[in-house]
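Q: I'd like to ask you about the structure that follows.
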Amino acid sequence: MVTFLDEKEKATPVFNWPFSKIANSLEASVIRETLKISSKPGIINFAGGLPASELLPIDQIQECCDSVLTDHGAQALQYSISQGVPVLRELIAHRISRQGLPVTADNILITTGSQQGLDLIGRVFIEPGDYVITELPTYLGALQAFNFYQARYAPIPMDNDGMIIEQLEEKIKEFRPKMIYVVPNFQNPSGITLSYQRRKALMNLVFRHQIAMIDDNPYGELRYSGTPLPSLRGLGGDAVIQLGTFSKLISPGLRVGWICAPVSAIKIIEKAKQAVDLHSSTFTQFIAAEFLKRGYLDPHIEQIRTAYAVKRDTMIAAMKEYFPPSIRWPYPDGGLFLWVQLPDNVSASMVFQQAVHQGVAFIHGRPFHPDGSGDNTMRLNFASSSPENIVEGIKRLARVLSQYC
Ligand SMILES: Cc1ncc(COP(=O)(O)O)c(C=O)c1O
């Protein structure tokens with residue numbers, strides 16, 4: 001017989017959920033709070049990490065959906081294998097091989113966005129207390145993923161050529177890290193690209209010290225200026241695990257990303273994925289595959305590159321015109337972000353409060369710093385606003401900054 005608590009009993013106790021220590025230690029993301037404020041009506045929002053909504057290929061996705069349902073109906077709506085739908089893995093392997101790094105479908109594991117790739121990497125590599133080398137600043141989502149596995153960090157400062165490799169060997173000897181995590185192209189948040197010389201030097205150290213090398217590359221195909229560079233996996237081959245995603249190239253809502261790695265690593269990561277979600281959405285994998293098969297991806301990337309280049313240039317021109325001269329930023333050759341460095345004594349959180357009153361929002365840079373530094377930094381997304389709003393937003397921000405800088 002089922003018995004129910006009466007109303008009085010239900011109301012009394014506050015249930016103490018027996019969450020794990022790690023779950024209880026997780027901090028609410030500052031960014032989530034910021035995004036809540038910045039999505040209020042009337043605010044020009046440079047805060048999110050979103051691609052431009054007006055450039056999402058709705059009509060083409062609609063065609064792909066129709067064709068997937070017509071041609072693969074039941075198969076596309078069924079369970080599928082953990083490694084990912086074979087046709088999609090083949091198409092991704094073909095694209096990667098085109099860039100000069102021959103891989104096959106066996107080297108690809110489909111993930112639910114690269115954020116899941118980061119979680120899976122954390123799962124299979126990190127024991128509590130292990131050190132991970134990161135750039136300083138680094139992608140906040142990677143820190144959130146690795147924090148779950150109780151990683152510790154040895155961050156390496158960056159200059160305009162990326163991670164300062166001269167400091168890396170010292171840190172490797174001091175911390176004996178489990179892995180090195182880098183976003184080598186148009187990094188989130190700094191927009192900085194790791195130079196060719198540094199890529200080679202980094203791979204030399206990886207080989208010498210035998211450390212797992214994670215190359216997180218969501219923005220590599222979004223270059224608007226400068227010369228394309230060989231990927232870390234292109235230089236280091238099987239010593240490198242590369243993460244990719246269609247989030248910024250097609251649509252983040254598809255949640256289709258991938259891990260490209262030697263088969264021996266794919267096999268282990270696949271087991272971890274099985275435990276997490278069995279497999280990524282069969283349906284959106286088929287849609288992504290159809291998008292590629294129809295030849296939509298390259299022209300679409302061309303279209304977003306052209307639009308984002310204009311937006312980047314518009315934001316930089318407005319910053320040059322309106323920002324106080326003490327403010328600096330590295331020039332991003334691609335990606336979505338401009339990284340603003342205020343004078344050392346200015347806190348971006350103070351600026352944020354005032355900026356929201358003026359109707360513009362950005363993301364404070366400090367959460368991207370595993371060592372707690374970076375109070376004087378902020379990240380602006382140039383891709384998701386219209387050129388008119390970019391100019392107006394920068395004017396508003398400049399009015400606030402001129403009180404501090
Ligand atoms: C460096 C980096 N890695 C991974 C991700 C996660 O992307 P997704 O899970 O949408 O593929 C992002 C998203 O902004 C990112 O900037």
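For the structure tokens, the naming scheme is as follows: chains receive sequential letters (A, B, ...) according to their order of presentation, residues are indexed from 1 within each chain, and ligands are indexed from 1 in presentation order.
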Would you return as a list of chain:residue names the members of stretch 160-243 of chain A that DSSP assigns to strand (DSSP E) on this structure's backbone?

A: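 Strand (DSSP E) assignments inside stretch 160-243 of chain A correspond to A:Gly162, A:Met163, A:Met179, A:Ile180, A:Tyr181, A:Val182, A:Ala212, A:Met213, A:Ile214, A:Asp215, A:Asp216, A:Val240, A:Ile241, A:Gln242, A:Leu243.
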
Q: Print the selection's residues with C-alpha atoms to a file, as a PDB file, in the first residue's frame.

A:
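again-v8.pdb, freshly written:
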ATOM      1  CA  GLY A 162      49.789  33.340 -27.440  1.00  0.00           C
ATOM      2  CA  MET A 163      51.050  31.345 -24.463  1.00  0.00           C
ATOM      3  CA  MET A 179      47.706  17.785 -19.633  1.00  0.00           C
ATOM      4  CA  ILE A 180      48.035  21.061 -21.489  1.00  0.00           C
ATOM      5  CA  TYR A 181      44.829  22.745 -22.643  1.00  0.00           C
ATOM      6  CA  VAL A 182      44.994  25.451 -25.309  1.00  0.00           C
ATOM      7  CA  ALA A 212      48.441  14.959 -23.023  1.00  0.00           C
ATOM      8  CA  MET A 213      47.844  17.913 -25.341  1.00  0.00           C
ATOM      9  CA  ILE A 214      44.283  19.193 -25.810  1.00  0.00           C
ATOM     10  CA  ASP A 215      43.677  21.555 -28.745  1.00  0.00           C
ATOM     11  CA  ASP A 216      40.205  23.108 -28.426  1.00  0.00           C
ATOM     12  CA  VAL A 240      47.327  15.816 -29.795  1.00  0.00           C
ATOM     13  CA  ILE A 241      43.616  15.457 -29.081  1.00  0.00           C
ATOM     14  CA  GLN A 242      41.642  18.047 -31.001  1.00  0.00           C
ATOM     15  CA  LEU A 243      38.115  19.233 -30.189  1.00  0.00           C
TER      16      LEU A 243
END

Q: Any residue with an atom at most 7 Å from ligand 1 counts, using only C-alpha atoms and all ligand atoms. Which are they? Put them as an NGL selection string.

A: :A and (49 or 112-116 or 139 or 141-142 or 183 or 187-188 or 216-218 or 245-247 or 252 or 255-257)

Q: Hey, what's within 8 Å of stretch 342-357 of chain A if we count only C-alpha atoms and toss same-chain stuff fewer than 4 positions away? As a ChimeraX atom specification, please?

A: /A:37-38,43,326-328,361-362,364-365,375-378,396-397,400-401,404-405

Q: Would you output that residue set with N, CA and C atoms, as a CSV table (one decimal), in the first residue's frame?

A:
chain,number,residue,atom,x,y,z
A,37,ILE,N,21.3,39.8,-16.6
A,37,ILE,CA,21.2,41.3,-16.6
A,37,ILE,C,21.3,41.8,-18.0
A,38,SER,N,22.2,41.2,-18.8
A,38,SER,CA,22.5,41.8,-20.1
A,38,SER,C,21.4,41.5,-21.1
A,43,ILE,N,19.2,46.9,-23.7
A,43,ILE,CA,20.7,46.8,-23.4
A,43,ILE,C,21.4,46.2,-24.6
A,326,SER,N,44.2,55.1,-22.8
A,326,SER,CA,44.9,54.1,-21.9
A,326,SER,C,44.4,52.7,-22.0
A,327,ILE,N,43.4,52.5,-22.9
A,327,ILE,CA,42.8,51.2,-23.0
A,327,ILE,C,43.4,50.4,-24.1
A,328,ARG,N,43.8,49.1,-23.9
A,328,ARG,CA,44.5,48.3,-24.9
A,328,ARG,C,43.7,47.1,-25.3
A,361,ALA,N,26.3,45.9,-22.1
A,361,ALA,CA,26.8,44.9,-21.2
A,361,ALA,C,28.0,44.2,-21.8
A,362,PHE,N,28.9,43.7,-21.0
A,362,PHE,CA,30.0,42.9,-21.4
A,362,PHE,C,30.3,41.8,-20.4
A,364,HIS,N,32.9,40.4,-17.6
A,364,HIS,CA,34.1,40.6,-16.8
A,364,HIS,C,35.1,39.6,-17.1
A,365,GLY,N,36.4,39.9,-17.3
A,365,GLY,CA,37.4,39.0,-17.6
A,365,GLY,C,37.9,38.1,-16.5
A,375,ASP,N,41.2,41.4,-13.0
A,375,ASP,CA,40.1,42.2,-12.6
A,375,ASP,C,39.9,43.4,-13.5
A,376,ASN,N,41.0,43.8,-14.2
A,376,ASN,CA,40.9,44.9,-15.1
A,376,ASN,C,40.6,44.5,-16.6
A,377,THR,N,40.1,43.3,-16.8
A,377,THR,CA,39.9,42.9,-18.2
A,377,THR,C,38.4,42.7,-18.5
A,378,MET,N,38.0,42.8,-19.7
A,378,MET,CA,36.7,42.5,-20.1
A,378,MET,C,36.6,41.9,-21.5
A,396,ARG,N,28.5,54.1,-25.7
A,396,ARG,CA,27.9,54.1,-24.3
A,396,ARG,C,29.0,53.6,-23.3
A,397,LEU,N,29.8,52.6,-23.8
A,397,LEU,CA,30.8,52.0,-22.9
A,397,LEU,C,31.9,53.1,-22.7
A,400,VAL,N,31.3,55.5,-20.0
A,400,VAL,CA,31.6,55.0,-18.6
A,400,VAL,C,33.1,55.0,-18.4
A,401,LEU,N,33.8,54.4,-19.4
A,401,LEU,CA,35.2,54.2,-19.2
A,401,LEU,C,36.0,55.5,-19.0
A,404,TYR,N,36.7,56.5,-15.6
A,404,TYR,CA,37.7,55.7,-14.8
A,404,TYR,C,39.1,55.7,-15.4
A,405,CYS,N,39.2,55.9,-16.7
A,405,CYS,CA,40.6,55.7,-17.3
A,405,CYS,C,41.2,57.0,-17.8

Q: List the neighbours of A:Leu254 out to 12 Å using only C-alpha atoms; skip same-chain residues closer than 3 positions along the sequence, and give me the result as a PDB file with N, CA and C atoms, in the first residue's frame.

A:
ATOM      1  N   LEU A  56      22.080  32.532 -38.762  1.00  0.00           N
ATOM      2  CA  LEU A  56      21.829  31.089 -38.623  1.00  0.00           C
ATOM      3  C   LEU A  56      21.075  30.602 -39.870  1.00  0.00           C
ATOM      4  N   PRO A  57      21.502  29.478 -40.441  1.00  0.00           N
ATOM      5  CA  PRO A  57      20.971  29.065 -41.756  1.00  0.00           C
ATOM      6  C   PRO A  57      19.628  28.332 -41.648  1.00  0.00           C
ATOM      7  N   ILE A  58      18.590  29.085 -41.277  1.00  0.00           N
ATOM      8  CA  ILE A  58      17.299  28.453 -40.951  1.00  0.00           C
ATOM      9  C   ILE A  58      16.719  27.693 -42.149  1.00  0.00           C
ATOM     10  N   ILE A  61      18.647  24.512 -42.904  1.00  0.00           N
ATOM     11  CA  ILE A  61      18.407  23.479 -41.884  1.00  0.00           C
ATOM     12  C   ILE A  61      17.017  22.871 -42.087  1.00  0.00           C
ATOM     13  N   CYS A  65      16.358  19.022 -42.574  1.00  0.00           N
ATOM     14  CA  CYS A  65      15.430  18.282 -41.706  1.00  0.00           C
ATOM     15  C   CYS A  65      14.467  17.462 -42.560  1.00  0.00           C
ATOM     16  N   THR A 111      30.441  14.416 -30.181  1.00  0.00           N
ATOM     17  CA  THR A 111      30.085  14.825 -28.817  1.00  0.00           C
ATOM     18  C   THR A 111      28.902  15.789 -28.865  1.00  0.00           C
ATOM     19  N   THR A 112      28.258  15.957 -27.720  1.00  0.00           N
ATOM     20  CA  THR A 112      27.142  16.893 -27.635  1.00  0.00           C
ATOM     21  C   THR A 112      27.730  18.288 -27.420  1.00  0.00           C
ATOM     22  N   GLY A 113      28.204  18.893 -28.509  1.00  0.00           N
ATOM     23  CA  GLY A 113      28.969  20.149 -28.434  1.00  0.00           C
ATOM     24  C   GLY A 113      30.366  19.866 -27.926  1.00  0.00           C
ATOM     25  N   SER A 114      31.305  20.835 -28.131  1.00  0.00           N
ATOM     26  CA  SER A 114      32.640  20.537 -27.585  1.00  0.00           C
ATOM     27  C   SER A 114      32.664  20.677 -26.090  1.00  0.00           C
ATOM     28  N   THR A 245      33.705  21.673 -33.315  1.00  0.00           N
ATOM     29  CA  THR A 245      32.268  21.845 -33.100  1.00  0.00           C
ATOM     30  C   THR A 245      31.643  22.586 -34.283  1.00  0.00           C
ATOM     31  N   PHE A 246      30.349  22.299 -34.515  1.00  0.00           N
ATOM     32  CA  PHE A 246      29.613  23.081 -35.513  1.00  0.00           C
ATOM     33  C   PHE A 246      28.885  24.267 -34.879  1.00  0.00           C
ATOM     34  N   SER A 247      29.088  24.490 -33.572  1.00  0.00           N
ATOM     35  CA  SER A 247      28.311  25.538 -32.886  1.00  0.00           C
ATOM     36  C   SER A 247      28.489  26.906 -33.511  1.00  0.00           C
ATOM     37  N   LYS A 248      29.723  27.247 -33.858  1.00  0.00           N
ATOM     38  CA  LYS A 248      29.955  28.580 -34.401  1.00  0.00           C
ATOM     39  C   LYS A 248      29.947  28.566 -35.928  1.00  0.00           C
ATOM     40  N   LEU A 249      29.926  27.372 -36.518  1.00  0.00           N
ATOM     41  CA  LEU A 249      29.973  27.275 -37.991  1.00  0.00           C
ATOM     42  C   LEU A 249      28.595  27.045 -38.599  1.00  0.00           C
ATOM     43  N   ILE A 250      27.719  26.325 -37.864  1.00  0.00           N
ATOM     44  CA  ILE A 250      26.343  26.114 -38.353  1.00  0.00           C
ATOM     45  C   ILE A 250      25.377  26.677 -37.298  1.00  0.00           C
ATOM     46  N   SER A 251      25.263  26.004 -36.160  1.00  0.00           N
ATOM     47  CA  SER A 251      24.322  26.458 -35.130  1.00  0.00           C
ATOM     48  C   SER A 251      24.652  25.786 -33.802  1.00  0.00           C
ATOM     49  N   GLY A 257      29.389  18.401 -31.817  1.00  0.00           N
ATOM     50  CA  GLY A 257      30.827  18.648 -31.804  1.00  0.00           C
ATOM     51  C   GLY A 257      31.530  17.315 -32.004  1.00  0.00           C
ATOM     52  N   SER A 280      25.211  11.154 -28.753  1.00  0.00           N
ATOM     53  CA  SER A 280      24.629  12.478 -29.027  1.00  0.00           C
ATOM     54  C   SER A 280      23.408  12.297 -29.923  1.00  0.00           C
ATOM     55  N   SER A 281      22.587  13.337 -30.013  1.00  0.00           N
ATOM     56  CA  SER A 281      21.330  13.254 -30.770  1.00  0.00           C
ATOM     57  C   SER A 281      21.544  12.690 -32.182  1.00  0.00           C
ATOM     58  N   THR A 282      20.889  11.567 -32.440  1.00  0.00           N
ATOM     59  CA  THR A 282      20.995  10.976 -33.782  1.00  0.00           C
ATOM     60  C   THR A 282      20.445  11.958 -34.814  1.00  0.00           C
ATOM     61  N   PHE A 283      19.325  12.594 -34.463  1.00  0.00           N
ATOM     62  CA  PHE A 283      18.634  13.471 -35.402  1.00  0.00           C
ATOM     63  C   PHE A 283      19.524  14.640 -35.841  1.00  0.00           C
ATOM     64  N   THR A 284      20.115  15.345 -34.856  1.00  0.00           N
ATOM     65  CA  THR A 284      20.928  16.502 -35.262  1.00  0.00           C
ATOM     66  C   THR A 284      22.242  16.065 -35.922  1.00  0.00           C
ATOM     67  N   GLN A 285      22.717  14.871 -35.595  1.00  0.00           N
ATOM     68  CA  GLN A 285      23.908  14.379 -36.319  1.00  0.00           C
ATOM     69  C   GLN A 285      23.557  14.184 -37.799  1.00  0.00           C
ATOM     70  N   PHE A 286      22.380  13.594 -38.061  1.00  0.00           N
ATOM     71  CA  PHE A 286      21.958  13.410 -39.455  1.00  0.00           C
ATOM     72  C   PHE A 286      21.773  14.762 -40.158  1.00  0.00           C
ATOM     73  N   ILE A 287      21.225  15.738 -39.414  1.00  0.00           N
ATOM     74  CA  ILE A 287      21.016  17.064 -40.024  1.00  0.00           C
ATOM     75  C   ILE A 287      22.370  17.690 -40.390  1.00  0.00           C
ATOM     76  N   ALA A 288      23.322  17.604 -39.450  1.00  0.00           N
ATOM     77  CA  ALA A 288      24.656  18.157 -39.734  1.00  0.00           C
ATOM     78  C   ALA A 288      25.274  17.448 -40.943  1.00  0.00           C
ATOM     79  N   ALA A 289      25.114  16.115 -40.994  1.00  0.00           N
ATOM     80  CA  ALA A 289      25.689  15.353 -42.114  1.00  0.00           C
ATOM     81  C   ALA A 289      25.059  15.807 -43.431  1.00  0.00           C
ATOM     82  N   PHE A 291      23.753  18.711 -44.098  1.00  0.00           N
ATOM     83  CA  PHE A 291      24.251  20.074 -44.366  1.00  0.00           C
ATOM     84  C   PHE A 291      25.599  20.001 -45.085  1.00  0.00           C
TER      85      PHE A 291
END

Q: May I have all residues of stretch 158-330 of chain A that DSSP, computed from the backbone, assigns to helix (DSSP H, G or I), given as a PyMOL selection string?

A: chain A and resi 165-175+196-209+232-239+252-254+263-277+282-293+297-322

Q: Which neighbours of A:Ala318 fall inside 9 Å, counting only C-alpha atoms, when residues of the same chain fewer than 5 positions from it are skipped, and could you give them as a VMD selection string?

A: chain A and resid 313 323 390 to 392 394 to 395

Q: Go ahead and write the selection's residues with C-alpha atoms as a PDB file, in the first residue's frame.

A:
ATOM      1  CA  ASP A 313      36.392  46.156 -37.969  1.00  0.00           C
ATOM      2  CA  PHE A 323      37.747  54.750 -25.931  1.00  0.00           C
ATOM      3  CA  ILE A 390      28.183  47.964 -32.122  1.00  0.00           C
ATOM      4  CA  VAL A 391      28.935  51.661 -32.658  1.00  0.00           C
ATOM      5  CA  GLU A 392      26.212  52.788 -30.230  1.00  0.00           C
ATOM      6  CA  ILE A 394      30.926  51.260 -27.813  1.00  0.00           C
ATOM      7  CA  LYS A 395      29.923  54.930 -27.455  1.00  0.00           C
TER       8      LYS A 395
END

Q: So that I can see what lies close to A:Arg223, please list as an NGL selection string the residues with an atom at most 8 Å from it, counting only C-alpha atoms and leaving out residues fewer than 4 positions away in the same chain.

A: :A and (219 or 228 or 305 or 333-335)

Q: Skip A:Glu90 itself and residues of its chain fewer than 5 positions away, then list as an MDAnalysis selection string all residues within 12 Å of it, counting only C-alpha atoms.

A: chainID A and resid 83:85 95:97 102:110 258 260 285 289 292:293

Q: Under the rule that only C-alpha atoms are counted, which of A:Lys267, A:Arg152, A:Lys171, A:His300 is the nearest residue to A:Glu221?

A: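 Selected residue with least distance to A:Glu221: A:His300.
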